[in-house]
$ cat protein34.txt   # compact mmCIF, C-alpha atoms and all ligand atoms
# COMPACT_ATOMS: atom_id res chain seq x y z
CA MET A 1 -16.55 -10.34 4.53
CA SER A 2 -14.09 -13.00 5.68
CA HIS A 3 -11.58 -12.17 8.41
CA GLU A 4 -8.93 -14.36 6.73
CA ILE A 5 -5.88 -12.12 6.29
CA ALA A 6 -5.02 -13.80 2.97
CA GLU A 7 -8.45 -12.79 1.62
CA ILE A 8 -8.25 -9.31 3.08
CA ARG A 9 -4.90 -8.79 1.34
CA GLU A 10 -6.63 -9.37 -2.01
CA HIS A 11 -8.49 -6.11 -1.32
CA PHE A 12 -5.16 -4.28 -0.92
CA PRO A 13 -3.16 -5.31 -4.00
CA ALA A 14 -0.08 -3.29 -2.97
CA THR A 15 0.34 -5.75 -0.07
CA LEU A 16 0.71 -8.62 -2.57
CA THR A 17 3.66 -7.21 -4.49
CA GLN A 18 5.91 -6.31 -1.54
CA ALA A 19 6.13 -6.32 2.24
CA TYR A 20 4.25 -3.06 2.56
CA LEU A 21 4.99 -1.76 6.06
CA ASN A 22 4.59 1.96 5.55
CA THR A 23 0.92 2.77 6.17
CA GLY A 24 2.02 5.66 8.40
CA SER A 25 3.29 7.42 5.27
CA ALA A 26 0.45 6.32 2.97
CA GLY A 27 -1.87 3.36 3.35
CA PRO A 28 -2.17 0.90 0.45
CA LEU A 29 -5.17 2.06 -1.58
CA SER A 30 -8.02 -0.42 -1.16
CA ARG A 31 -9.40 -2.11 -4.26
CA PRO A 32 -12.98 -0.89 -3.53
CA ALA A 33 -11.64 2.68 -3.24
CA ALA A 34 -9.74 2.44 -6.53
CA GLU A 35 -12.80 0.95 -8.25
CA ALA A 36 -15.15 3.62 -6.89
CA ILE A 37 -12.76 6.33 -8.09
CA GLU A 38 -12.47 4.74 -11.53
CA ILE A 39 -16.23 4.27 -11.91
CA LEU A 40 -16.95 7.88 -11.03
CA ASN A 41 -14.13 9.17 -13.22
CA ARG A 42 -15.55 7.21 -16.16
CA ARG A 43 -19.06 8.47 -15.51
CA GLN A 44 -17.82 12.05 -15.29
CA LEU A 45 -15.95 11.57 -18.55
CA HIS A 46 -18.99 10.23 -20.40
CA GLU A 47 -21.91 11.90 -18.64
CA GLY A 48 -20.36 15.26 -17.77
CA ARG A 49 -19.81 16.59 -14.29
CA SER A 50 -22.67 18.97 -13.72
CA ASN A 51 -25.87 17.06 -13.97
CA PHE A 52 -27.96 18.51 -11.18
CA SER A 53 -29.85 15.32 -10.42
CA ILE A 54 -26.60 13.37 -9.99
CA TYR A 55 -25.47 16.06 -7.60
CA LEU A 56 -28.65 15.96 -5.52
CA ASP A 57 -29.49 12.28 -5.80
CA GLU A 58 -26.01 10.77 -5.62
CA TYR A 59 -23.17 13.10 -4.63
CA MET A 60 -24.80 14.77 -1.63
CA PRO A 61 -26.20 11.54 -0.11
CA MET A 62 -22.80 9.86 -0.63
CA GLN A 63 -21.06 12.74 1.12
CA ASN A 64 -23.53 12.52 4.00
CA ARG A 65 -22.99 8.77 4.30
CA LEU A 66 -19.25 9.37 4.46
CA ARG A 67 -19.79 11.99 7.17
CA GLY A 68 -21.78 9.35 9.07
CA GLN A 69 -18.97 6.78 8.74
CA LEU A 70 -16.41 9.31 9.97
CA ALA A 71 -18.67 10.35 12.84
CA ARG A 72 -18.83 6.70 13.94
CA LEU A 73 -15.04 6.47 13.73
CA PHE A 74 -14.75 9.44 16.14
CA ASN A 75 -17.77 8.51 18.29
CA ALA A 76 -19.14 11.93 17.36
CA ASP A 77 -22.25 13.24 15.60
CA GLU A 78 -22.40 13.89 11.87
CA ASP A 79 -22.80 17.64 12.34
CA GLU A 80 -19.46 17.68 14.20
CA ILE A 81 -17.55 16.45 11.13
CA ALA A 82 -16.05 18.70 8.44
CA LEU A 83 -14.67 16.98 5.35
CA THR A 84 -11.16 18.22 4.61
CA LEU A 85 -8.34 17.61 2.14
CA HIS A 86 -5.80 16.16 4.61
CA THR A 87 -4.74 16.29 8.27
CA THR A 88 -2.86 19.54 7.74
CA ASN A 89 -6.03 21.18 6.40
CA GLY A 90 -7.85 20.30 9.63
CA MET A 91 -4.95 21.45 11.82
CA ASN A 92 -4.93 24.79 10.00
CA ILE A 93 -8.70 25.28 10.31
CA ALA A 94 -8.54 24.73 14.07
CA THR A 95 -5.34 26.67 14.73
CA TRP A 96 -6.20 29.74 12.64
CA GLY A 97 -9.83 29.79 13.76
CA LEU A 98 -9.39 30.95 17.37
CA ARG A 99 -9.80 34.67 18.07
CA TRP A 100 -6.16 35.28 18.91
CA GLN A 101 -4.96 38.22 21.01
CA PRO A 102 -1.30 39.28 21.25
CA GLY A 103 0.28 37.62 24.28
CA ASP A 104 -1.83 34.45 24.02
CA GLU A 105 0.15 31.22 24.23
CA ILE A 106 0.12 27.88 22.43
CA VAL A 107 1.60 24.71 23.91
CA THR A 108 2.95 21.90 21.77
CA ASP A 109 5.83 19.41 21.98
CA SER A 110 9.14 18.75 20.29
CA HIS A 111 8.01 15.59 18.48
CA GLU A 112 5.13 17.13 16.52
CA HIS A 113 4.88 16.93 12.73
CA PRO A 114 5.18 20.09 10.58
CA GLY A 115 1.53 19.55 9.57
CA GLY A 116 0.52 20.64 13.07
CA LEU A 117 3.59 22.72 13.99
CA LEU A 118 3.65 25.05 10.99
CA PRO A 119 0.13 26.41 11.60
CA VAL A 120 1.15 26.96 15.24
CA TYR A 121 4.24 28.96 14.28
CA ALA A 122 2.42 30.80 11.50
CA VAL A 123 -0.38 32.06 13.78
CA ALA A 124 2.21 32.90 16.43
CA ARG A 125 4.08 35.07 13.94
CA ARG A 126 0.92 36.69 12.57
CA PHE A 127 -0.70 37.50 15.95
CA GLY A 128 2.31 37.92 18.26
CA LEU A 129 1.78 34.75 20.31
CA THR A 130 4.20 32.76 22.45
CA VAL A 131 4.77 29.09 21.64
CA ARG A 132 5.82 26.83 24.52
CA VAL A 133 7.34 23.54 23.44
CA ALA A 134 7.39 20.60 25.86
CA GLN A 135 10.74 18.87 25.17
CA VAL A 136 10.03 15.17 24.78
CA ALA A 137 12.69 12.55 25.61
CA LEU A 138 12.61 8.97 24.32
CA SER A 139 12.61 7.81 27.94
CA ASP A 140 9.46 9.80 28.87
CA ASP A 141 6.59 7.73 30.20
CA ASP A 142 3.05 9.14 30.44
CA GLU A 143 3.70 10.65 33.86
CA ALA A 144 6.84 12.44 32.68
CA LEU A 145 5.05 13.74 29.60
CA ILE A 146 2.01 14.91 31.55
CA GLU A 147 4.33 16.73 33.97
CA LYS A 148 6.04 18.52 31.06
CA PHE A 149 2.68 19.68 29.71
CA ARG A 150 1.56 20.66 33.21
CA ARG A 151 4.63 22.93 33.44
CA ALA A 152 4.09 24.44 29.97
CA ILE A 153 0.34 25.17 30.28
CA ASN A 154 -0.69 28.32 32.17
CA ALA A 155 -3.49 30.87 32.36
CA ARG A 156 -2.34 32.50 29.07
CA THR A 157 -2.50 29.20 27.13
CA ARG A 158 -5.33 29.31 24.59
CA LEU A 159 -4.51 26.19 22.57
CA VAL A 160 -2.68 22.90 23.10
CA SER A 161 -1.68 21.25 19.81
CA ILE A 162 -0.63 17.60 20.10
CA SER A 163 -0.69 14.30 18.26
CA HIS A 164 -2.60 11.28 19.49
CA VAL A 165 0.17 9.00 18.16
CA SER A 166 3.69 10.36 17.66
CA TRP A 167 4.82 10.02 14.04
CA LYS A 168 8.40 9.75 15.29
CA THR A 169 8.23 7.25 18.13
CA GLY A 170 4.80 5.67 17.76
CA ALA A 171 4.04 6.64 21.38
CA VAL A 172 0.34 7.01 22.19
CA LEU A 173 0.11 10.33 24.01
CA PRO A 174 -2.00 10.67 27.19
CA VAL A 175 -4.40 12.97 25.36
CA ALA A 176 -7.26 12.75 27.88
CA GLU A 177 -5.02 13.79 30.80
CA ILE A 178 -3.37 16.61 28.84
CA THR A 179 -6.83 17.80 27.77
CA ARG A 180 -8.01 17.88 31.38
CA ILE A 181 -5.04 20.09 32.31
CA ALA A 182 -5.64 22.35 29.28
CA HIS A 183 -9.34 22.74 30.02
CA ALA A 184 -8.65 23.48 33.69
CA HIS A 185 -6.66 26.50 32.45
CA GLY A 186 -9.31 27.56 29.93
CA ALA A 187 -7.31 26.33 26.89
CA LEU A 188 -8.67 24.30 23.98
CA VAL A 189 -7.05 21.19 22.48
CA VAL A 190 -6.49 20.27 18.83
CA VAL A 191 -5.27 16.77 18.04
CA ASP A 192 -3.21 15.72 15.03
CA GLY A 193 -4.65 12.29 14.30
CA ALA A 194 -2.58 11.47 11.22
CA GLN A 195 -1.18 8.33 12.88
CA SER A 196 -4.23 7.40 14.95
CA GLY A 197 -7.20 7.85 12.59
CA GLY A 198 -8.08 4.27 11.67
CA ALA A 199 -5.20 2.71 13.66
CA ILE A 200 -6.50 2.94 17.23
CA PRO A 201 -9.96 3.62 18.65
CA ILE A 202 -10.77 7.32 18.83
CA ASP A 203 -13.46 8.32 21.29
CA VAL A 204 -13.67 12.09 21.30
CA GLN A 205 -16.17 11.92 24.18
CA ALA A 206 -13.75 10.04 26.43
CA LEU A 207 -10.75 12.12 25.28
CA GLY A 208 -12.66 15.37 25.80
CA VAL A 209 -10.73 17.14 23.03
CA ASP A 210 -12.14 20.09 21.11
CA PHE A 211 -10.79 19.50 17.58
CA TYR A 212 -9.34 16.37 15.99
CA ALA A 213 -7.93 16.15 12.45
CA ILE A 214 -7.36 12.94 10.46
CA PRO A 215 -6.31 12.03 6.90
CA GLY A 216 -8.10 9.67 4.51
CA GLN A 217 -4.95 8.39 2.81
CA LYS A 218 -3.07 6.74 5.67
CA TRP A 219 -4.66 4.21 8.05
CA LEU A 220 -8.09 4.52 6.38
CA CYS A 221 -6.58 3.49 3.01
CA GLY A 222 -8.59 6.05 1.08
CA PRO A 223 -7.37 8.35 -1.69
CA GLU A 224 -5.20 11.40 -1.28
CA GLY A 225 -7.03 14.70 -0.98
CA THR A 226 -9.42 13.42 1.69
CA GLY A 227 -9.64 13.84 5.44
CA ALA A 228 -11.86 14.99 8.28
CA LEU A 229 -11.92 17.43 11.16
CA PHE A 230 -14.00 16.82 14.28
CA VAL A 231 -15.23 20.06 15.85
CA ARG A 232 -17.04 19.61 19.18
CA ARG A 233 -20.51 21.12 18.88
CA ASP A 234 -20.02 23.34 21.98
CA ARG A 235 -16.87 24.78 20.41
CA LEU A 236 -18.45 25.97 17.16
CA ALA A 237 -18.85 29.46 18.62
CA ASP A 238 -15.13 29.57 19.56
CA LEU A 239 -13.91 28.66 16.07
CA ASN A 240 -14.12 31.25 13.32
CA PRO A 241 -14.17 29.84 9.78
CA THR A 242 -10.99 31.39 8.35
CA PHE A 243 -11.74 30.29 4.79
CA VAL A 244 -15.31 30.24 3.55
CA GLY A 245 -17.14 29.35 0.36
CA TYR A 246 -20.33 27.95 -1.03
CA PRO A 247 -20.67 24.91 1.30
CA SER A 248 -19.82 27.03 4.38
CA HIS A 249 -22.96 29.13 4.31
CA LYS A 250 -26.69 28.80 4.73
CA ALA A 251 -27.68 32.28 3.53
CA LEU A 252 -26.01 35.37 2.06
CA ASP A 253 -27.72 38.72 1.43
CA THR A 254 -26.75 41.55 -0.92
CA GLU A 255 -25.29 43.50 2.02
CA GLY A 256 -22.77 40.73 2.63
CA ASN A 257 -24.47 39.37 5.74
CA PHE A 258 -24.26 35.64 5.86
CA LEU A 259 -25.34 32.78 8.05
CA PRO A 260 -22.89 29.90 8.42
CA ALA A 261 -23.96 26.38 7.55
CA ALA A 262 -25.13 24.38 10.53
CA GLY A 263 -22.42 22.41 12.30
CA ALA A 264 -18.86 21.71 11.18
CA LYS A 265 -19.84 21.90 7.50
CA ARG A 266 -19.19 25.66 7.82
CA PHE A 267 -15.45 24.86 7.63
CA GLU A 268 -15.79 23.30 4.17
CA MET A 269 -15.33 25.39 1.06
CA GLY A 270 -15.51 25.00 -2.69
CA THR A 271 -15.96 22.05 -5.02
CA VAL A 272 -14.58 18.71 -3.91
CA TYR A 273 -13.12 15.89 -5.98
CA TRP A 274 -16.19 13.62 -6.01
CA PRO A 275 -14.32 10.46 -7.08
CA GLY A 276 -12.13 11.01 -3.99
CA ILE A 277 -15.20 11.20 -1.75
CA ALA A 278 -16.46 7.99 -3.38
CA GLY A 279 -13.07 6.35 -2.78
CA LEU A 280 -12.88 7.15 0.92
CA HIS A 281 -16.52 6.14 1.32
CA ALA A 282 -15.73 2.75 -0.25
CA SER A 283 -12.70 2.22 1.99
CA MET A 284 -14.74 3.12 5.06
CA SER A 285 -17.49 0.70 3.98
CA LEU A 286 -14.90 -2.09 3.72
CA ARG A 287 -13.67 -1.25 7.22
CA GLU A 288 -17.19 -1.24 8.63
CA GLU A 289 -17.86 -4.60 6.99
CA LEU A 290 -14.78 -6.00 8.71
CA ASP A 291 -15.74 -4.08 11.88
CA ASN A 292 -13.55 -1.28 13.20
CA GLY A 293 -13.17 -3.04 16.57
CA TRP A 294 -11.81 -6.15 14.84
CA ILE A 295 -9.40 -3.95 12.86
CA TYR A 296 -8.00 -2.26 15.98
CA ASN A 297 -7.57 -5.63 17.66
CA GLN A 298 -5.81 -7.06 14.62
CA ILE A 299 -3.47 -4.06 14.40
CA GLY A 300 -2.67 -4.52 18.11
CA GLN A 301 -1.80 -8.19 17.59
CA ILE A 302 0.31 -7.85 14.46
CA THR A 303 2.17 -4.89 15.96
CA ALA A 304 2.92 -6.92 19.10
CA THR A 305 4.26 -9.74 16.88
CA CYS A 306 6.38 -7.24 15.00
CA ARG A 307 7.83 -5.85 18.25
CA GLU A 308 8.76 -9.38 19.41
CA MET A 309 10.48 -10.18 16.12
CA LEU A 310 12.38 -6.88 16.02
CA GLU A 311 13.55 -7.36 19.58
CA GLU A 312 15.02 -10.75 18.63
CA ILE A 313 17.52 -9.00 16.34
CA PRO A 314 20.80 -8.30 18.14
CA GLY A 315 21.52 -4.56 18.26
CA VAL A 316 17.89 -3.50 17.73
CA VAL A 317 16.27 -1.28 20.37
CA VAL A 318 12.55 -0.58 19.93
CA VAL A 319 11.91 2.89 21.38
CA THR A 320 8.10 2.81 21.13
CA PRO A 321 6.54 2.56 24.61
CA PRO A 322 4.55 -0.65 25.32
CA ALA A 323 1.18 1.08 24.81
CA GLN A 324 1.53 1.08 21.02
CA SER A 325 -0.61 1.79 17.97
CA GLY A 326 0.48 0.49 14.54
CA LEU A 327 3.83 2.28 14.50
CA LEU A 328 7.07 0.89 15.91
CA SER A 329 10.25 2.95 15.85
CA PHE A 330 13.64 1.44 16.48
CA GLN A 331 17.35 2.03 16.44
CA MET A 332 19.76 -0.50 15.03
CA GLU A 333 23.36 -0.43 16.17
CA GLY A 334 25.79 0.51 13.38
CA VAL A 335 23.02 1.09 10.82
CA LYS A 336 22.10 4.46 9.30
CA PRO A 337 18.30 4.65 8.95
CA ASP A 338 18.23 6.17 5.44
CA GLU A 339 20.70 3.60 4.10
CA ALA A 340 18.72 0.74 5.65
CA VAL A 341 15.47 2.02 4.08
CA ALA A 342 17.13 2.13 0.65
CA LYS A 343 18.51 -1.43 1.04
CA LEU A 344 15.12 -2.74 2.15
CA VAL A 345 13.37 -1.17 -0.85
CA GLU A 346 15.73 -3.14 -3.12
CA GLN A 347 14.22 -6.26 -1.51
CA LYS A 348 10.67 -4.92 -1.87
CA ILE A 349 10.27 -4.18 1.81
CA VAL A 350 8.87 -0.73 2.48
CA ILE A 351 9.42 1.06 5.79
CA ARG A 352 10.71 4.60 6.48
CA SER A 353 13.22 6.56 8.52
CA VAL A 354 12.55 9.55 10.75
CA HIS A 355 15.04 12.05 12.13
CA GLU A 356 15.69 13.98 15.31
CA PRO A 357 15.98 11.40 16.72
CA ASP A 358 17.29 9.11 13.94
CA LEU A 359 15.04 6.05 13.84
CA LEU A 360 13.63 3.39 11.56
CA ARG A 361 9.84 3.25 11.60
CA VAL A 362 7.69 0.29 10.63
CA SER A 363 3.90 0.46 10.24
CA THR A 364 1.80 -2.66 10.69
CA SER A 365 -1.89 -2.77 9.89
CA PHE A 366 -4.66 -5.33 9.62
CA TYR A 367 -3.61 -6.51 6.14
CA ASN A 368 -0.04 -7.23 7.19
CA ASP A 369 0.85 -10.78 8.10
CA GLU A 370 3.65 -12.60 9.84
CA ALA A 371 5.34 -13.31 6.51
CA ASP A 372 5.77 -9.53 5.97
CA ILE A 373 7.43 -9.21 9.34
CA LEU A 374 9.65 -12.26 8.86
CA ARG A 375 10.84 -10.77 5.57
CA LEU A 376 11.67 -7.52 7.38
CA ARG A 377 13.45 -9.36 10.20
CA ASP A 378 15.54 -11.48 7.83
CA ALA A 379 16.43 -8.48 5.69
CA LEU A 380 17.45 -6.43 8.74
CA GLU A 381 19.63 -9.31 9.94
CA GLY A 382 21.22 -9.38 6.50
CA ILE A 383 21.90 -5.63 6.62
CA ARG A 384 23.38 -5.96 10.09
CA SER A 385 25.88 -8.59 9.03
CA LEU A 386 27.11 -6.60 5.98
C1 LIG B 401 1.67 13.23 12.66
C2 LIG B 401 1.45 13.71 11.25
N1 LIG B 401 0.80 14.86 11.07
C3 LIG B 401 0.54 15.33 9.84
C4 LIG B 401 0.95 14.66 8.73
C5 LIG B 401 0.62 15.22 7.38
O1 LIG B 401 -0.50 14.53 6.93
P1 LIG B 401 -1.42 15.10 5.75
O2 LIG B 401 -0.65 14.95 4.51
O3 LIG B 401 -2.64 14.23 5.83
O4 LIG B 401 -1.70 16.52 6.06
C6 LIG B 401 1.63 13.45 8.86
C7 LIG B 401 2.05 12.71 7.64
O5 LIG B 401 3.00 12.17 7.40
C8 LIG B 401 1.89 12.96 10.15
O6 LIG B 401 2.54 11.81 10.35
$ encode --input "protein34.txt" --output "structure tokens"
Amino acid sequence: MSHEIAEIREHFPATLTQAYLNTGSAGPLSRPAAEAIEILNRRQLHEGRSNFSIYLDEYMPMQNRLRGQLARLFNADEDEIALTLHTTNGMNIATWGLRWQPGDEIVTDSHEHPGGLLPVYAVARRFGLTVRVAQVALSDDDEALIEKFRRAINARTRLVSISHVSWKTGAVLPVAEITRIAHAHGALVVVDGAQSGGAIPIDVQALGVDFYAIPGQKWLCGPEGTGALFVRRDRLADLNPTFVGYPSHKALDTEGNFLPAAGAKRFEMGTVYWPGIAGLHASMSLREELDNGWIYNQIGQITATCREMLEEIPGVVVVTPPAQSGLLSFQMEGVKPDEAVAKLVEQKIVIRSVHEPDLLRVSTSFYNDEADILRLRDALEGIRSL
């Protein structure tokens, strides 16, 4: 496939009708994904959904190929990947799965998303745990952040729950260093990868983390209802499957004894939406054709261009630290984020606001071009002079 951005945009039709700069909320669905979903929907309509040979000859191999693609994305092995419904699903599986004792502690930070935070607070309430929250400041560099985690983690910490990329500020967290501190205290680490999965390289070997959850619908441009959880093979024994079903088990006897499925598949349960699996598989194939390394590089370049252009606008302060992913968050003097988002939508420019702190957030990915960013810059200048 060509690396010409104009040609790549043809595969993401939503990028042709607007300046689509909101992949962090939901990626533009890729044309191959939409087609794969439609084809399978049509086949299910006309051929029925329970033809055993389709299941064995097509669905299962397709699911295994997808597992392989996701394993390559994580630099993990296929048996360390559970297919999930979204990031939050993976965060829940990891957070609920530990064998909690009253008095255990969880460490997280003040910029986490509810998708990771709510499972933390829910297990804390259910099992009588203490949650320690590292208070993040916009001015924190890696050293400051690491120091805050160092102070929060202690011998009672069982789990550290953090994002790889902050959904609020776009900061790339020093996950490897925080993991080293956690492990030195006997704690495990779960990563919310909603804003990193597909946007920056993920190497779970180098990061050392235990669990890592990603969505299919954001930076991977797959359908909703898809995602993945990496579970390090050595941690399988530490993680109890909280919810189980047909795919989770290898054997079940009449006494109720059961053997879990090998590997991370034991965290999967029930029937999946096969067109969705086909859709994510198609989006991943498109990415692999382009080459994931090329994609990360392209995201780095277009995001750097976006930062430069935003910083040219008087009154704009980009708060994202220099080590960035595909998210840039900024403040604009005299402009309320929600109002700016609404005005931009009128001009077919899609970004979003976040709160606490109040910021505008722009997402740039490999199908965005300079024209998208120029449109955003010009529109923001127009809003400023109103
Ligand atoms: C950091 C972060 N975590 C979790 C989520 C929730 O993602 P999902 O809908 O895939 O569970 C989001 C989505 O906006 C996010 O930005």
$ closest_atom_pairs --input "protein34.txt" --of "chain A" --to "ligand LIG 401 (chain B)" --cutoff "9 Å" --atoms "only C-alpha atoms and all ligand atoms" --output "JSON lines"
{"residue": "A:Gly24", "atom": "CA", "partner": "B:LIG401", "partner_atom": "O6", "distance": 6.5}
{"residue": "A:Ser25", "atom": "CA", "partner": "B:LIG401", "partner_atom": "O5", "distance": 5.2}
{"residue": "A:Ala26", "atom": "CA", "partner": "B:LIG401", "partner_atom": "O5", "distance": 7.8}
{"residue": "A:Leu85", "atom": "CA", "partner": "B:LIG401", "partner_atom": "O3", "distance": 7.6}
{"residue": "A:His86", "atom": "CA", "partner": "B:LIG401", "partner_atom": "O3", "distance": 3.9}
{"residue": "A:Thr87", "atom": "CA", "partner": "B:LIG401", "partner_atom": "O4", "distance": 3.8}
{"residue": "A:Thr88", "atom": "CA", "partner": "B:LIG401", "partner_atom": "O4", "distance": 3.6}
{"residue": "A:Asn89", "atom": "CA", "partner": "B:LIG401", "partner_atom": "O4", "distance": 6.4}
{"residue": "A:Gly90", "atom": "CA", "partner": "B:LIG401", "partner_atom": "O4", "distance": 8.1}
{"residue": "A:Met91", "atom": "CA", "partner": "B:LIG401", "partner_atom": "O4", "distance": 8.2}
{"residue": "A:His111", "atom": "CA", "partner": "B:LIG401", "partner_atom": "C1", "distance": 8.9}
{"residue": "A:Glu112", "atom": "CA", "partner": "B:LIG401", "partner_atom": "C1", "distance": 6.5}
{"residue": "A:His113", "atom": "CA", "partner": "B:LIG401", "partner_atom": "N1", "distance": 4.9}
{"residue": "A:Pro114", "atom": "CA", "partner": "B:LIG401", "partner_atom": "C3", "distance": 6.7}
{"residue": "A:Gly115", "atom": "CA", "partner": "B:LIG401", "partner_atom": "C3", "distance": 4.3}
{"residue": "A:Gly116", "atom": "CA", "partner": "B:LIG401", "partner_atom": "N1", "distance": 6.1}
{"residue": "A:Leu117", "atom": "CA", "partner": "B:LIG401", "partner_atom": "N1", "distance": 8.8}
{"residue": "A:Ile162", "atom": "CA", "partner": "B:LIG401", "partner_atom": "C1", "distance": 8.9}
{"residue": "A:Ser163", "atom": "CA", "partner": "B:LIG401", "partner_atom": "C1", "distance": 6.2}
{"residue": "A:His164", "atom": "CA", "partner": "B:LIG401", "partner_atom": "C1", "distance": 8.3}
{"residue": "A:Val165", "atom": "CA", "partner": "B:LIG401", "partner_atom": "C1", "distance": 7.1}
{"residue": "A:Ser166", "atom": "CA", "partner": "B:LIG401", "partner_atom": "C1", "distance": 6.1}
{"residue": "A:Trp167", "atom": "CA", "partner": "B:LIG401", "partner_atom": "O6", "distance": 4.7}
{"residue": "A:Lys168", "atom": "CA", "partner": "B:LIG401", "partner_atom": "O6", "distance": 7.9}
{"residue": "A:Asp192", "atom": "CA", "partner": "B:LIG401", "partner_atom": "N1", "distance": 5.7}
{"residue": "A:Gly193", "atom": "CA", "partner": "B:LIG401", "partner_atom": "C1", "distance": 6.6}
{"residue": "A:Ala194", "atom": "CA", "partner": "B:LIG401", "partner_atom": "C2", "distance": 4.6}
{"residue": "A:Gln195", "atom": "CA", "partner": "B:LIG401", "partner_atom": "C1", "distance": 5.7}
{"residue": "A:Ser196", "atom": "CA", "partner": "B:LIG401", "partner_atom": "C1", "distance": 8.6}
{"residue": "A:Ala213", "atom": "CA", "partner": "B:LIG401", "partner_atom": "O3", "distance": 8.7}
{"residue": "A:Ile214", "atom": "CA", "partner": "B:LIG401", "partner_atom": "O3", "distance": 6.7}
{"residue": "A:Pro215", "atom": "CA", "partner": "B:LIG401", "partner_atom": "O3", "distance": 4.4}
{"residue": "A:Gly216", "atom": "CA", "partner": "B:LIG401", "partner_atom": "O3", "distance": 7.2}
{"residue": "A:Gln217", "atom": "CA", "partner": "B:LIG401", "partner_atom": "O3", "distance": 7.0}
{"residue": "A:Lys218", "atom": "CA", "partner": "B:LIG401", "partner_atom": "O3", "distance": 7.5}
{"residue": "A:Glu224", "atom": "CA", "partner": "B:LIG401", "partner_atom": "O3", "distance": 8.1}
{"residue": "A:Gly225", "atom": "CA", "partner": "B:LIG401", "partner_atom": "O3", "distance": 8.1}
{"residue": "A:Thr226", "atom": "CA", "partner": "B:LIG401", "partner_atom": "O3", "distance": 8.0}
{"residue": "A:Gly227", "atom": "CA", "partner": "B:LIG401", "partner_atom": "O3", "distance": 7.0}
$ atom_distance --input "protein34.txt" --atom1 "CA of Ser363 (chain A)" --atom2 "CA of Glu143 (chain A)"
25.7 Å
$ residues_around --input "protein34.txt" --residues "Ala278 (chain A)" --least-positions-apart "4" --cutoff "10 Å" --atoms "only C-alpha atoms" --output "list in words"
Pro32, Ala33, Ala34, Glu35, Ala36, Ile37, Glu38, Ile39, Leu40, Tyr59, Met62, Gln63, Leu66, Gly222, Pro223, Tyr273, Trp274, Ala282, Ser283 and Met284 of chain A
$ atom_distance --input "protein34.txt" --atom1 "CA of Ile146 (chain A)" --atom2 "CA of Thr169 (chain A)"
16.7 Å
$ closest_residue --input "protein34.txt" --among "A:Arg235, A:Lys348, A:Arg49, A:Arg151" --to "Val189 (chain A)" --atoms "only C-alpha atoms"
A:Arg235
$ residues_around --input "protein34.txt" --residues "region 334-341 of chain A" --least-positions-apart "4" --cutoff "9 Å" --atoms "all atoms listed in the file" --output "list in words"
Gly315, Val345, Glu346, Ile349, Val350, Ile351, Arg352, Ser353, Val354, His355, Asp358, Leu359, Leu360, Arg361, Leu380, Ile383 and Arg384 of chain A
$ atom_distance --input "protein34.txt" --atom1 "CA of Phe230 (chain A)" --atom2 "CA of Ala264 (chain A)"
7.6 Å
$ closest_atom_pairs --input "protein34.txt" --of "region 53-128 of chain A" --to "region 290-303 of chain A" --cutoff "12 Å" --atoms "all atoms listed in the file" --output "tab-separated table"
residue	atom	partner	partner_atom	distance
A:Gln69	CA	A:Asn292	CA	10.7
A:Leu70	CA	A:Asn292	CA	11.4
A:Arg72	CA	A:Asn292	CA	9.6
A:Leu73	CA	A:Asn292	CA	7.9
A:Phe74	CA	A:Asn292	CA	11.2
A:Asn75	CA	A:Asn292	CA	11.8
$ axis_aligned_box --input "protein34.txt" --around "region 361-369 of chain A" --padding-each-side "4 Å" --output "lines of an AutoDock Vina configuration file"
center_x = 2.6
center_y = -3.8
center_z = 8.9
size_x = 22.5
size_y = 22.0
size_z = 13.5
$ residues_around --input "protein34.txt" --residues "Ser325 (chain A)" --least-positions-apart "2" --cutoff "7 Å" --atoms "all atoms listed in the file" --output "count of residues only"
6
